[in-house]
$ cat final_29.cif   # mmCIF, C-alpha atoms (C1' of nucleotides)
data_my_file
loop_
_atom_site.label_atom_id
_atom_site.label_comp_id
_atom_site.auth_asym_id
_atom_site.auth_seq_id
_atom_site.Cartn_x
_atom_site.Cartn_y
_atom_site.Cartn_z
CA MET A 1 149.80 3.47 -9.42
CA ARG A 2 151.24 3.94 -12.90
CA ARG A 3 152.80 0.72 -14.09
CA LYS A 4 153.65 -0.81 -17.39
CA LEU A 5 150.88 -3.28 -18.12
CA THR A 6 150.96 -6.09 -20.62
CA GLN A 7 147.80 -7.15 -22.41
CA ARG A 8 147.30 -9.77 -19.72
CA GLY A 9 147.72 -7.08 -17.08
CA LYS A 10 145.19 -4.78 -18.68
CA GLU A 11 142.65 -7.56 -18.73
CA ARG A 12 143.19 -8.33 -15.05
CA ARG A 13 142.76 -4.68 -14.27
CA ARG A 14 139.48 -4.51 -16.17
CA GLN A 15 138.34 -7.71 -14.50
CA LEU A 16 139.06 -6.30 -11.07
CA MET A 17 137.20 -3.09 -11.84
CA GLU A 18 134.15 -4.78 -13.31
CA HIS A 19 133.97 -7.27 -10.50
CA ALA A 20 134.53 -4.74 -7.73
CA ALA A 21 131.95 -2.41 -9.23
CA GLY A 22 129.41 -5.21 -9.04
CA LEU A 23 130.20 -5.99 -5.42
CA PHE A 24 130.24 -2.34 -4.39
CA ALA A 25 126.86 -1.75 -6.00
CA GLU A 26 125.39 -4.87 -4.44
CA ARG A 27 126.70 -4.74 -0.90
CA GLY A 28 128.02 -1.19 -0.64
CA TYR A 29 131.51 0.21 -0.76
CA HIS A 30 132.47 0.03 2.91
CA PRO A 31 131.00 -3.40 3.63
CA THR A 32 132.87 -4.87 0.67
CA SER A 33 136.43 -5.61 1.70
CA VAL A 34 139.43 -5.96 -0.54
CA ALA A 35 139.56 -9.55 0.67
CA ASP A 36 136.00 -10.07 -0.59
CA ILE A 37 136.95 -8.78 -4.01
CA VAL A 38 140.02 -10.92 -4.52
CA GLU A 39 138.59 -14.04 -2.89
CA SER A 40 135.48 -14.09 -5.05
CA LEU A 41 137.82 -13.74 -8.00
CA GLY A 42 140.03 -16.56 -6.77
CA VAL A 43 143.25 -14.58 -6.65
CA GLY A 44 145.62 -13.44 -3.93
CA LYS A 45 145.45 -10.09 -2.23
CA GLY A 46 148.71 -8.99 -3.80
CA VAL A 47 147.01 -8.90 -7.19
CA PHE A 48 144.76 -6.12 -6.05
CA TYR A 49 147.61 -3.98 -4.81
CA TRP A 50 149.59 -4.63 -7.94
CA TYR A 51 146.94 -2.85 -10.00
CA PHE A 52 145.58 -0.31 -7.54
CA SER A 53 147.31 1.58 -4.79
CA SER A 54 144.23 1.55 -2.58
CA LYS A 55 140.58 0.62 -2.40
CA GLU A 56 139.78 4.29 -2.69
CA GLU A 57 141.71 4.68 -5.93
CA LEU A 58 139.88 1.70 -7.35
CA LEU A 59 136.45 3.25 -6.85
CA ALA A 60 137.66 6.60 -8.16
CA GLU A 61 138.88 4.84 -11.29
CA ILE A 62 135.58 2.99 -11.68
CA LEU A 63 133.62 6.23 -11.38
CA ARG A 64 135.86 8.00 -13.87
CA GLU A 65 135.56 5.31 -16.51
CA ALA A 66 131.83 4.90 -16.03
CA HIS A 67 131.25 8.60 -16.54
CA GLN A 68 133.43 8.59 -19.64
CA ASP A 69 131.46 5.71 -21.06
CA LEU A 70 128.10 7.34 -20.37
CA ARG A 71 129.23 10.55 -21.98
CA ARG A 72 130.47 8.73 -25.07
CA ARG A 73 127.08 7.08 -25.37
CA GLN A 74 125.28 10.40 -25.11
CA GLN A 75 127.42 12.04 -27.76
CA GLN A 76 127.04 9.07 -30.05
CA ALA A 77 123.25 9.11 -29.64
CA ILE A 78 123.06 12.82 -30.39
CA GLY A 79 125.22 12.47 -33.48
CA ASP A 80 124.87 15.53 -35.68
CA GLU A 81 121.20 16.20 -34.98
CA PRO A 82 120.66 19.85 -35.88
CA ASN A 83 117.67 20.65 -33.65
CA PRO A 84 118.90 21.41 -30.09
CA VAL A 85 115.61 20.36 -28.49
CA THR A 86 115.82 17.03 -30.26
CA ARG A 87 119.41 16.72 -29.08
CA ILE A 88 118.26 17.12 -25.50
CA GLU A 89 115.62 14.48 -26.03
CA LEU A 90 118.12 12.07 -27.59
CA GLY A 91 120.48 12.69 -24.70
CA ILE A 92 117.82 11.88 -22.14
CA ARG A 93 116.91 8.64 -23.90
CA ALA A 94 120.53 7.60 -24.26
CA THR A 95 121.14 8.25 -20.57
CA ILE A 96 118.24 6.13 -19.41
CA GLU A 97 119.20 3.33 -21.77
CA TRP A 98 122.80 3.42 -20.60
CA PHE A 99 121.80 3.21 -16.96
CA LEU A 100 119.52 0.28 -17.72
CA GLU A 101 122.51 -1.56 -19.15
CA HIS A 102 124.83 -0.40 -16.38
CA ARG A 103 122.58 -0.48 -13.40
CA LYS A 104 125.43 -0.92 -10.97
CA TYR A 105 126.91 2.46 -11.74
CA PHE A 106 123.69 4.18 -10.76
CA THR A 107 124.05 2.94 -7.20
CA LEU A 108 127.74 3.72 -7.23
CA PHE A 109 127.20 7.29 -8.36
CA GLN A 110 124.61 7.72 -5.67
CA PHE A 111 126.89 6.41 -2.95
CA ALA A 112 129.89 8.37 -4.15
CA ALA A 113 127.92 11.59 -4.10
CA SER A 114 127.32 11.11 -0.39
CA ASP A 115 130.93 10.36 0.52
CA GLU A 116 133.34 13.14 1.31
CA ARG A 117 136.19 11.37 -0.47
CA PHE A 118 134.44 10.87 -3.79
CA ALA A 119 132.07 13.80 -3.93
CA PRO A 120 134.59 16.15 -5.58
CA LEU A 121 135.25 13.69 -8.39
CA LEU A 122 131.58 13.12 -8.90
CA ARG A 123 130.97 16.82 -8.83
CA ARG A 124 133.40 17.30 -11.70
CA ASN A 125 131.63 14.62 -13.70
CA HIS A 126 128.31 16.26 -12.96
CA ASP A 127 129.60 19.64 -14.08
CA VAL A 128 130.70 18.20 -17.39
CA ALA A 129 127.24 16.73 -17.94
CA ILE A 130 125.60 20.04 -17.05
CA ALA A 131 127.91 21.94 -19.38
CA ASP A 132 126.99 19.57 -22.21
CA ALA A 133 123.29 20.14 -21.63
CA VAL A 134 123.70 23.88 -21.22
CA ARG A 135 125.17 24.15 -24.71
CA HIS A 136 122.07 22.67 -26.27
CA ILE A 137 119.75 24.70 -24.10
CA LYS A 138 121.43 27.98 -24.96
CA GLU A 139 121.18 27.18 -28.61
CA ALA A 140 117.52 26.29 -28.22
CA ILE A 141 116.88 29.61 -26.52
CA VAL A 142 118.64 31.52 -29.29
CA GLU A 143 116.56 29.71 -31.86
CA GLY A 144 113.44 30.54 -29.88
CA HIS A 145 112.46 26.94 -29.15
CA ILE A 146 112.33 27.34 -25.40
CA ALA A 147 111.71 30.17 -22.97
CA ASP A 148 114.60 32.36 -21.91
CA GLN A 149 115.44 31.11 -18.42
CA ASN A 150 118.70 30.32 -16.66
CA PRO A 151 120.13 27.50 -18.82
CA GLU A 152 122.10 25.98 -15.97
CA MET A 153 119.07 25.69 -13.76
CA LEU A 154 117.15 24.05 -16.57
CA ALA A 155 119.99 21.60 -17.11
CA GLU A 156 120.08 20.71 -13.41
CA ALA A 157 116.35 20.22 -13.39
CA ILE A 158 116.55 17.88 -16.37
CA VAL A 159 119.25 15.81 -14.71
CA GLY A 160 117.24 15.61 -11.50
CA THR A 161 114.12 14.51 -13.32
CA VAL A 162 115.90 11.88 -15.40
CA ASN A 163 117.71 10.42 -12.40
CA GLN A 164 114.59 10.19 -10.28
CA LEU A 165 112.45 8.63 -12.99
CA THR A 166 115.21 6.19 -13.89
CA GLN A 167 115.60 5.13 -10.29
CA THR A 168 111.92 4.60 -9.62
CA TYR A 169 110.59 3.26 -12.89
CA VAL A 170 113.47 1.57 -14.64
CA PHE A 171 115.15 0.06 -11.60
CA GLU A 172 112.55 -0.37 -8.91
CA ARG A 173 109.58 -1.20 -11.13
CA SER A 174 111.22 -2.51 -14.28
CA GLU A 175 109.09 -0.31 -16.48
CA PRO A 176 110.13 -0.20 -20.13
CA VAL A 177 112.75 2.40 -20.93
CA ASP A 178 110.57 3.91 -23.63
CA ARG A 179 107.69 4.84 -21.40
CA THR A 180 110.03 6.27 -18.79
CA ALA A 181 111.97 8.25 -21.36
CA GLU A 182 108.71 9.50 -22.83
CA ALA A 183 107.57 10.76 -19.45
CA ALA A 184 110.93 12.35 -18.67
CA VAL A 185 111.08 14.13 -22.00
CA SER A 186 107.48 15.26 -21.76
CA PHE A 187 107.94 16.61 -18.24
CA CYS A 188 111.17 18.38 -19.09
CA LEU A 189 109.72 19.99 -22.18
CA HIS A 190 106.25 20.89 -20.90
CA GLY A 191 106.17 20.59 -17.14
CA LEU A 192 102.90 20.03 -15.35
CA VAL A 193 100.84 22.68 -17.06
CA GLY A 194 102.31 22.96 -20.52
CA LYS A 195 101.48 21.64 -23.98
CA MET B 196 115.31 -1.01 22.42
CA ARG B 197 112.07 -0.04 24.16
CA ARG B 198 112.84 1.37 27.57
CA LYS B 199 111.14 3.63 30.03
CA LEU B 200 112.77 7.02 29.68
CA THR B 201 112.65 9.88 32.13
CA GLN B 202 112.67 13.45 30.91
CA ARG B 203 116.43 13.45 31.37
CA GLY B 204 116.65 10.27 29.34
CA LYS B 205 114.59 11.68 26.49
CA GLU B 206 116.87 14.67 26.29
CA ARG B 207 119.98 12.49 26.16
CA ARG B 208 118.42 10.49 23.40
CA ARG B 209 117.65 13.60 21.37
CA GLN B 210 121.15 14.89 22.02
CA LEU B 211 122.68 11.67 20.76
CA MET B 212 120.54 11.69 17.63
CA GLU B 213 121.21 15.33 16.78
CA HIS B 214 124.89 14.98 17.39
CA ALA B 215 125.28 11.71 15.52
CA ALA B 216 123.30 13.07 12.58
CA GLY B 217 125.77 15.93 12.33
CA LEU B 218 128.77 13.64 12.41
CA PHE B 219 127.25 11.17 9.95
CA ALA B 220 126.48 13.97 7.51
CA GLU B 221 129.92 15.49 7.86
CA ARG B 222 132.18 12.47 7.78
CA GLY B 223 129.89 9.73 6.54
CA TYR B 224 128.12 6.92 8.34
CA HIS B 225 130.76 4.19 8.16
CA PRO B 226 133.77 6.38 8.93
CA THR B 227 132.04 7.74 12.03
CA SER B 228 132.46 5.27 14.87
CA VAL B 229 130.30 4.92 17.93
CA ALA B 230 133.40 5.89 19.88
CA ASP B 231 133.60 9.14 17.90
CA ILE B 232 130.01 9.96 18.75
CA VAL B 233 130.25 9.40 22.49
CA GLU B 234 133.73 10.86 22.87
CA SER B 235 132.86 14.14 21.18
CA LEU B 236 129.89 14.28 23.51
CA GLY B 237 132.05 13.54 26.54
CA VAL B 238 130.15 10.48 27.69
CA GLY B 239 130.94 6.80 28.02
CA LYS B 240 130.19 4.21 25.40
CA GLY B 241 127.58 2.58 27.57
CA VAL B 242 125.37 5.63 27.20
CA PHE B 243 125.04 4.98 23.51
CA TYR B 244 123.97 1.37 23.96
CA TRP B 245 121.56 2.34 26.70
CA TYR B 246 119.52 4.37 24.22
CA PHE B 247 120.12 2.48 20.99
CA SER B 248 120.62 -1.21 20.37
CA SER B 249 123.01 -0.58 17.49
CA LYS B 250 124.56 2.06 15.29
CA GLU B 251 122.24 0.91 12.55
CA GLU B 252 119.14 1.45 14.65
CA LEU B 253 120.34 4.93 15.48
CA LEU B 254 120.53 6.00 11.86
CA ALA B 255 117.20 4.38 11.09
CA GLU B 256 115.66 6.38 13.93
CA ILE B 257 117.28 9.59 12.70
CA LEU B 258 115.93 9.05 9.20
CA ARG B 259 112.47 8.27 10.47
CA GLU B 260 112.24 11.37 12.62
CA ALA B 261 113.71 13.62 9.96
CA HIS B 262 111.16 12.49 7.45
CA GLN B 263 108.35 13.00 9.93
CA ASP B 264 109.54 16.51 10.62
CA LEU B 265 109.81 17.39 6.94
CA ARG B 266 106.34 16.08 6.28
CA ARG B 267 104.90 18.07 9.17
CA ARG B 268 106.49 21.18 7.74
CA GLN B 269 105.03 20.55 4.32
CA GLN B 270 101.53 20.01 5.66
CA GLN B 271 101.79 23.07 7.81
CA ALA B 272 102.93 25.20 4.86
CA ILE B 273 100.10 23.95 2.69
CA GLY B 274 97.53 24.63 5.37
CA ASP B 275 94.05 24.69 3.87
CA GLU B 276 95.01 26.26 0.55
CA PRO B 277 92.18 25.34 -1.82
CA ASN B 278 94.02 25.49 -5.16
CA PRO B 279 95.91 22.20 -5.70
CA VAL B 280 98.52 23.79 -7.96
CA THR B 281 99.25 26.37 -5.30
CA ARG B 282 99.47 23.55 -2.75
CA ILE B 283 102.16 21.90 -4.86
CA GLU B 284 104.02 25.17 -5.08
CA LEU B 285 103.81 25.73 -1.32
CA GLY B 286 105.01 22.18 -0.74
CA ILE B 287 108.03 22.72 -2.96
CA ARG B 288 108.97 25.93 -1.19
CA ALA B 289 108.52 24.39 2.25
CA THR B 290 110.71 21.44 1.27
CA ILE B 291 113.58 23.59 0.07
CA GLU B 292 113.35 25.78 3.15
CA TRP B 293 113.34 22.78 5.44
CA PHE B 294 116.40 21.30 3.79
CA LEU B 295 118.19 24.62 4.10
CA GLU B 296 117.59 24.52 7.85
CA HIS B 297 118.38 20.81 8.08
CA ARG B 298 121.18 20.47 5.62
CA LYS B 299 122.61 17.44 7.33
CA TYR B 300 119.57 15.31 6.59
CA PHE B 301 119.98 15.88 2.88
CA THR B 302 123.33 14.11 2.90
CA LEU B 303 121.95 11.44 5.19
CA PHE B 304 119.00 10.70 2.93
CA GLN B 305 121.36 10.48 -0.01
CA PHE B 306 123.67 8.05 1.74
CA ALA B 307 120.84 5.94 3.13
CA ALA B 308 119.34 5.55 -0.33
CA SER B 309 122.55 3.91 -1.48
CA ASP B 310 122.86 1.49 1.42
CA GLU B 311 121.15 -1.87 1.31
CA ARG B 312 120.27 -1.70 4.98
CA PHE B 313 118.51 1.66 4.91
CA ALA B 314 117.13 1.78 1.39
CA PRO B 315 113.84 0.04 2.30
CA LEU B 316 113.13 2.54 5.08
CA LEU B 317 113.95 5.44 2.82
CA ARG B 318 111.83 3.96 0.09
CA ARG B 319 108.83 3.93 2.43
CA ASN B 320 109.42 7.57 3.29
CA HIS B 321 109.71 8.40 -0.38
CA ASP B 322 106.46 6.61 -1.16
CA VAL B 323 104.64 8.63 1.46
CA ALA B 324 105.96 11.85 -0.07
CA ILE B 325 104.93 10.74 -3.53
CA ALA B 326 101.46 9.77 -2.32
CA ASP B 327 101.06 13.22 -0.78
CA ALA B 328 101.99 14.92 -4.04
CA VAL B 329 99.85 12.59 -6.11
CA ARG B 330 96.75 13.64 -4.20
CA HIS B 331 97.23 17.25 -5.18
CA ILE B 332 98.13 16.41 -8.75
CA LYS B 333 95.03 14.27 -9.24
CA GLU B 334 92.86 17.03 -7.92
CA ALA B 335 94.57 19.53 -10.21
CA ILE B 336 93.90 17.28 -13.19
CA VAL B 337 90.24 16.92 -12.26
CA GLU B 338 89.94 20.69 -11.98
CA GLY B 339 91.61 21.05 -15.37
CA HIS B 340 94.63 22.95 -14.12
CA ILE B 341 97.21 20.58 -15.50
CA ALA B 342 97.40 18.10 -18.35
CA ASP B 343 96.14 14.58 -17.82
CA GLN B 344 99.32 12.54 -17.42
CA ASN B 345 100.37 9.81 -15.02
CA PRO B 346 100.20 11.61 -11.65
CA GLU B 347 102.82 9.39 -10.04
CA MET B 348 105.36 10.08 -12.72
CA LEU B 349 104.73 13.79 -12.38
CA ALA B 350 105.21 13.53 -8.63
CA GLU B 351 108.50 11.67 -9.06
CA ALA B 352 109.69 14.24 -11.56
CA ILE B 353 108.89 17.05 -9.14
CA VAL B 354 110.80 15.36 -6.34
CA GLY B 355 113.78 14.77 -8.62
CA THR B 356 113.82 18.38 -9.76
CA VAL B 357 113.52 19.80 -6.27
CA ASN B 358 116.24 17.57 -4.88
CA GLN B 359 118.68 18.34 -7.65
CA LEU B 360 118.14 22.09 -7.53
CA THR B 361 118.35 22.12 -3.74
CA GLN B 362 121.60 20.20 -3.83
CA THR B 363 123.28 22.36 -6.44
CA TYR B 364 122.00 25.83 -5.69
CA VAL B 365 121.09 25.93 -2.05
CA PHE B 366 123.90 23.76 -0.72
CA GLU B 367 126.78 23.96 -3.14
CA ARG B 368 126.33 27.55 -4.23
CA SER B 369 124.43 29.09 -1.33
CA GLU B 370 121.92 30.70 -3.64
CA PRO B 371 118.90 32.20 -1.91
CA VAL B 372 116.06 29.78 -1.33
CA ASP B 373 113.63 32.04 -3.11
CA ARG B 374 115.36 32.03 -6.44
CA THR B 375 115.85 28.29 -6.28
CA ALA B 376 112.26 27.67 -5.31
CA GLU B 377 111.14 29.99 -8.09
CA ALA B 378 113.14 28.04 -10.65
CA ALA B 379 111.94 24.69 -9.33
CA VAL B 380 108.31 25.74 -9.36
CA SER B 381 108.61 27.30 -12.79
CA PHE B 382 110.27 24.21 -14.26
CA CYS B 383 107.79 21.84 -12.68
CA LEU B 384 104.82 23.84 -13.86
CA HIS B 385 105.98 24.80 -17.35
CA GLY B 386 109.01 22.71 -18.29
CA LEU B 387 111.47 23.94 -20.88
CA VAL B 388 108.99 25.01 -23.53
CA GLY B 389 105.97 26.21 -21.61
CA LYS B 390 104.66 29.64 -20.69
"C1'" DA C 391 168.50 -21.62 -22.12
"C1'" DA C 392 168.95 -17.71 -19.32
"C1'" DC C 393 167.70 -13.35 -17.64
"C1'" DG C 394 164.93 -9.38 -16.48
"C1'" DT C 395 160.28 -7.91 -16.00
"C1'" DT C 396 155.52 -8.60 -15.02
"C1'" DC C 397 152.53 -10.74 -12.20
"C1'" DT C 398 150.89 -13.71 -8.12
"C1'" DT C 399 150.82 -15.69 -3.55
"C1'" DG C 400 149.19 -15.59 1.20
"C1'" DA C 401 150.90 -15.06 5.84
"C1'" DC C 402 151.28 -11.19 8.56
"C1'" DC C 403 150.55 -6.55 10.97
"C1'" DG C 404 148.86 -2.59 13.42
"C1'" DA C 405 144.88 -0.13 13.90
"C1'" DA C 406 140.38 0.28 14.21
"C1'" DT C 407 135.41 -1.09 15.11
"C1'" DG C 408 130.85 -2.51 17.01
"C1'" DG C 409 129.34 -4.26 20.90
"C1'" DT C 410 129.42 -6.24 26.08
"C1'" DC C 411 129.33 -6.00 30.92
"C1'" DA C 412 130.32 -5.81 35.87
"C1'" DA C 413 130.48 -2.20 38.69
"C1'" DG C 414 128.99 2.05 40.29
"C1'" DT C 415 126.35 6.73 40.55
"C1'" DG C 416 122.46 9.50 41.19
"C1'" DC C 417 117.44 10.29 41.11
"C1'" DT C 418 112.71 9.46 42.95
"C1'" DC C 419 109.27 8.00 45.67
"C1'" DG C 420 107.28 5.54 49.52
"C1'" DC D 421 116.24 6.95 54.99
"C1'" DG D 422 116.53 3.25 51.93
"C1'" DA D 423 115.09 0.52 48.11
"C1'" DG D 424 114.77 0.25 43.39
"C1'" DC D 425 115.14 1.90 38.98
"C1'" DA D 426 117.36 4.96 35.49
"C1'" DC D 427 121.46 6.00 33.92
"C1'" DT D 428 126.74 6.04 33.31
"C1'" DT D 429 131.43 4.36 33.19
"C1'" DG D 430 135.34 2.56 30.54
"C1'" DA D 431 138.12 -1.51 30.25
"C1'" DC D 432 137.64 -5.36 27.49
"C1'" DC D 433 136.78 -8.60 23.53
"C1'" DA D 434 136.42 -10.84 19.18
"C1'" DT D 435 136.68 -9.67 14.70
"C1'" DT D 436 137.67 -7.36 10.64
"C1'" DC D 437 140.03 -4.38 7.63
"C1'" DG D 438 143.34 -2.01 4.52
"C1'" DG D 439 147.69 -2.58 3.38
"C1'" DT D 440 152.75 -4.80 3.25
"C1'" DC D 441 156.18 -7.85 1.74
"C1'" DA D 442 159.46 -11.61 0.89
"C1'" DA D 443 159.25 -15.21 -1.95
"C1'" DG D 444 158.39 -17.28 -6.13
"C1'" DA D 445 155.78 -18.35 -10.74
"C1'" DA D 446 154.88 -17.06 -15.52
"C1'" DC D 447 156.12 -14.60 -19.42
"C1'" DG D 448 158.74 -12.39 -23.15
"C1'" DT D 449 163.06 -11.37 -25.26
"C1'" DT D 450 167.36 -12.31 -26.92
#
$ encode --input "final_29.cif" --output "structure tokens"
Amino acid sequence: MRRKLTQRGKERRRQLMEHAAGLFAERGYHPTSVADIVESLGVGKGVFYWYFSSKEELLAEILREAHQDLRRRQQQAIGDEPNPVTRIELGIRATIEWFLEHRKYFTLFQFAASDERFAPLLRRNHDVAIADAVRHIKEAIVEGHIADQNPEMLAEAIVGTVNQLTQTYVFERSEPVDRTAEAAVSFCLHGLVGK
Amino acid sequence: MRRKLTQRGKERRRQLMEHAAGLFAERGYHPTSVADIVESLGVGKGVFYWYFSSKEELLAEILREAHQDLRRRQQQAIGDEPNPVTRIELGIRATIEWFLEHRKYFTLFQFAASDERFAPLLRRNHDVAIADAVRHIKEAIVEGHIADQNPEMLAEAIVGTVNQLTQTYVFERSEPVDRTAEAAVSFCLHGLVGK
DNA sequence: AACGTTCTTGACCGAATGGTCAAGTGCTCG
DNA sequence: CGAGCACTTGACCATTCGGTCAAGAACGTT
């Protein structure tokens, strides 16, 4: 659905995406109909299909942009920090903070991962995130900061830990981001036994 | 939907659950219709509603039984191992092995967690798993095997790590369970820096 | 003002979907 | 055998959904 959009058009498009993302996260993708989206926005159904060719494309677009935004935030947080271990730590903190501010995308990512139609897209996003982390881990190994293990596995483990702790403590229990980030960083760096 | 079931009835019920679980995991819960389930089983629609009051109840039942089965497997694997750290390790291995044999439930758990209607049930299951792990962790702390940190957070981190590694290596890349379990255990025990 | 383009409307459509039910089959036990 | 309960059938129903489209409104450009 490539169209020429005026400024007004771009804003409508954004509005639709933001609004739909909220509804999808709240009530689920399938139970939220296109009619629900446009009605709660007070516009006709044609508006939706002017900006998106299908409901599926809409969610794909939402997921793509959300991932882009998260990644930007991570890179910005890391800046030009020279120590790779510190970079990992900054990345973890930035991720948790971003999810706190964009709670709805957490649910969306989770749903999309379990749906045949969106899993491949999400998988690509995930791979990018892993590749980012792997770069820092490899550097940290070279510099002797961390033990020489499979960097990819370590990256996956970090992602798993961060997601789980974010879900449980930041979302379900409203714990402060700091304490959660602290725990995530500590676990990732030292595990159960370490330190 | 409490009914008196004969042996024949119990088998039908199991058959429906097994079969539906497979379809749900493969094509997703919403896209799989009740008609799909009964047709691919070669029975009439009435059969379904004889054993389950709704499609929703069916999935809830599947999730409940799957969790029970996984937990049984964990307890059986742990046996009467005296060392709490070893118990954690055995639990991790048993979990990964169980998921390898019951791949479909992994997808189902993931979907259910993102659906308003099933999230509470899944949350209860999750809490039971965390409570199990916390018991071992507390004991390990008392015995001085691992550092004195919040046991619940450690348990959540372990679950997150195991799930992520299982998803990526066992399912998506068909890596051997052993290597995955090894990595998970190593990360959980020592983190990035440790050892 | 006039014209082409962008945007909006909302009735409409065919194709599901979850769930019901009256009717019937087959098993079991007295 | 026959009565009663467990199970099965599949047509049927109300509803909903994603998506279309002909018609027209708003906007920008000249």
$ resolve_selection --input "final_29.cif" --expression "the PyMOL selection byres ((chain A) within 9 of (chain C))" --output "list in words"
Lys4, Leu5, Thr6, Gly9, Val43, Gly44, Lys45, Gly46, Val47 and Trp50 of chain A
$ atom_distance --input "final_29.cif" --atom1 "atom CA of Val372 of chain B" --atom2 "atom CA of Phe304 of chain B"
19.8 Å
$ residues_around --input "final_29.cif" --residues "Arg14 of chain A" --least-positions-apart "2" --cutoff "12 Å" --atoms "all atoms listed in the file" --output "PDB file with C-alpha atoms, in the coordinates of the input"
ATOM      1  CA  LEU A   5     150.880  -3.280 -18.120  1.00  0.00           C
ATOM      2  CA  GLN A   7     147.800  -7.150 -22.410  1.00  0.00           C
ATOM      3  CA  ARG A   8     147.300  -9.770 -19.720  1.00  0.00           C
ATOM      4  CA  GLY A   9     147.720  -7.080 -17.080  1.00  0.00           C
ATOM      5  CA  LYS A  10     145.190  -4.780 -18.680  1.00  0.00           C
ATOM      6  CA  GLU A  11     142.650  -7.560 -18.730  1.00  0.00           C
ATOM      7  CA  ARG A  12     143.190  -8.330 -15.050  1.00  0.00           C
ATOM      8  CA  LEU A  16     139.060  -6.300 -11.070  1.00  0.00           C
ATOM      9  CA  MET A  17     137.200  -3.090 -11.840  1.00  0.00           C
ATOM     10  CA  GLU A  18     134.150  -4.780 -13.310  1.00  0.00           C
ATOM     11  CA  HIS A  19     133.970  -7.270 -10.500  1.00  0.00           C
ATOM     12  CA  ALA A  20     134.530  -4.740  -7.730  1.00  0.00           C
ATOM     13  CA  ALA A  21     131.950  -2.410  -9.230  1.00  0.00           C
ATOM     14  CA  PHE A  48     144.760  -6.120  -6.050  1.00  0.00           C
ATOM     15  CA  TYR A  51     146.940  -2.850 -10.000  1.00  0.00           C
ATOM     16  CA  PHE A  52     145.580  -0.310  -7.540  1.00  0.00           C
ATOM     17  CA  LEU A  58     139.880   1.700  -7.350  1.00  0.00           C
ATOM     18  CA  GLU A  61     138.880   4.840 -11.290  1.00  0.00           C
ATOM     19  CA  ILE A  62     135.580   2.990 -11.680  1.00  0.00           C
ATOM     20  CA  GLU A  65     135.560   5.310 -16.510  1.00  0.00           C
TER      21      GLU A  65
END
$ residues_around --input "final_29.cif" --residues "Ala131 of chain A" --least-positions-apart "5" --cutoff "12 Å" --atoms "all atoms listed in the file" --output "compact mmCIF listing (two decimals) with C-alpha atoms, keeping the file's coordinate frame"
# COMPACT_ATOMS: atom_id res chain seq x y z
CA ARG A 71 129.23 10.55 -21.98
CA ARG A 124 133.40 17.30 -11.70
CA ASN A 125 131.63 14.62 -13.70
CA HIS A 126 128.31 16.26 -12.96
CA HIS A 136 122.07 22.67 -26.27
CA ILE A 137 119.75 24.70 -24.10
CA LYS A 138 121.43 27.98 -24.96
CA PRO A 151 120.13 27.50 -18.82
CA GLU A 152 122.10 25.98 -15.97
CA MET A 153 119.07 25.69 -13.76
CA LEU A 154 117.15 24.05 -16.57
CA ALA A 155 119.99 21.60 -17.11
CA GLU A 156 120.08 20.71 -13.41
CA VAL A 159 119.25 15.81 -14.71
$ axis_aligned_box --input "final_29.cif" --around "segment 118-121 of chain A" --padding-each-side "6 Å" --output "lines of an AutoDock Vina configuration file"
center_x = 133.7
center_y = 13.5
center_z = -6.1
size_x = 15.2
size_y = 17.3
size_z = 16.6
$ resolve_selection --input "final_29.cif" --expression "the PyMOL selection byres ((chain B) within 8 of (chain A))" --output "NGL selection string"
:B and (221-223 or 225 or 302-303 or 305-306 or 308-311 or 340-342 or 348-349 or 351-360 or 363 or 378-379 or 382-390)
$ closest_atom_pairs --input "final_29.cif" --of "chain D" --to "chain B" --cutoff "7 Å" --atoms "all atoms listed in the file" --output "CSV"
residue,atom,partner,partner_atom,distance
D:DT428,C1',B:Val242,CA,6.3
D:DT429,C1',B:Gly239,CA,5.7
D:DG430,C1',B:Gly239,CA,6.6
$ write_last_selection --input "final_29.cif" --atoms "C-alpha atoms (C1' of nucleotides)" --output "PDB file, keeping the file's coordinate frame"
ATOM      1  C1'  DT D 428     126.740   6.040  33.310  1.00  0.00           C
ATOM      2  C1'  DT D 429     131.430   4.360  33.190  1.00  0.00           C
ATOM      3  C1'  DG D 430     135.340   2.560  30.540  1.00  0.00           C
TER       4       DG D 430
END
$ atom_distance --input "final_29.cif" --atom1 "atom C1' of DG438 of chain D" --atom2 "atom CA of Leu59 of chain A"
14.3 Å
$ atom_distance --input "final_29.cif" --atom1 "atom CA of Asp69 of chain A" --atom2 "atom CA of Gln15 of chain A"
16.4 Å
$ residues_around --input "final_29.cif" --residues "Arg72 of chain A" --least-positions-apart "6" --cutoff "12 Å" --atoms "all atoms listed in the file" --output "CSV table (one decimal) with C-alpha atoms, in the coordinates of the input"
chain,number,residue,atom,x,y,z
A,65,GLU,CA,135.6,5.3,-16.5
A,66,ALA,CA,131.8,4.9,-16.0
A,78,ILE,CA,123.1,12.8,-30.4
A,79,GLY,CA,125.2,12.5,-33.5
A,91,GLY,CA,120.5,12.7,-24.7
A,94,ALA,CA,120.5,7.6,-24.3
A,95,THR,CA,121.1,8.2,-20.6
A,98,TRP,CA,122.8,3.4,-20.6
A,129,ALA,CA,127.2,16.7,-17.9
A,132,ASP,CA,127.0,19.6,-22.2
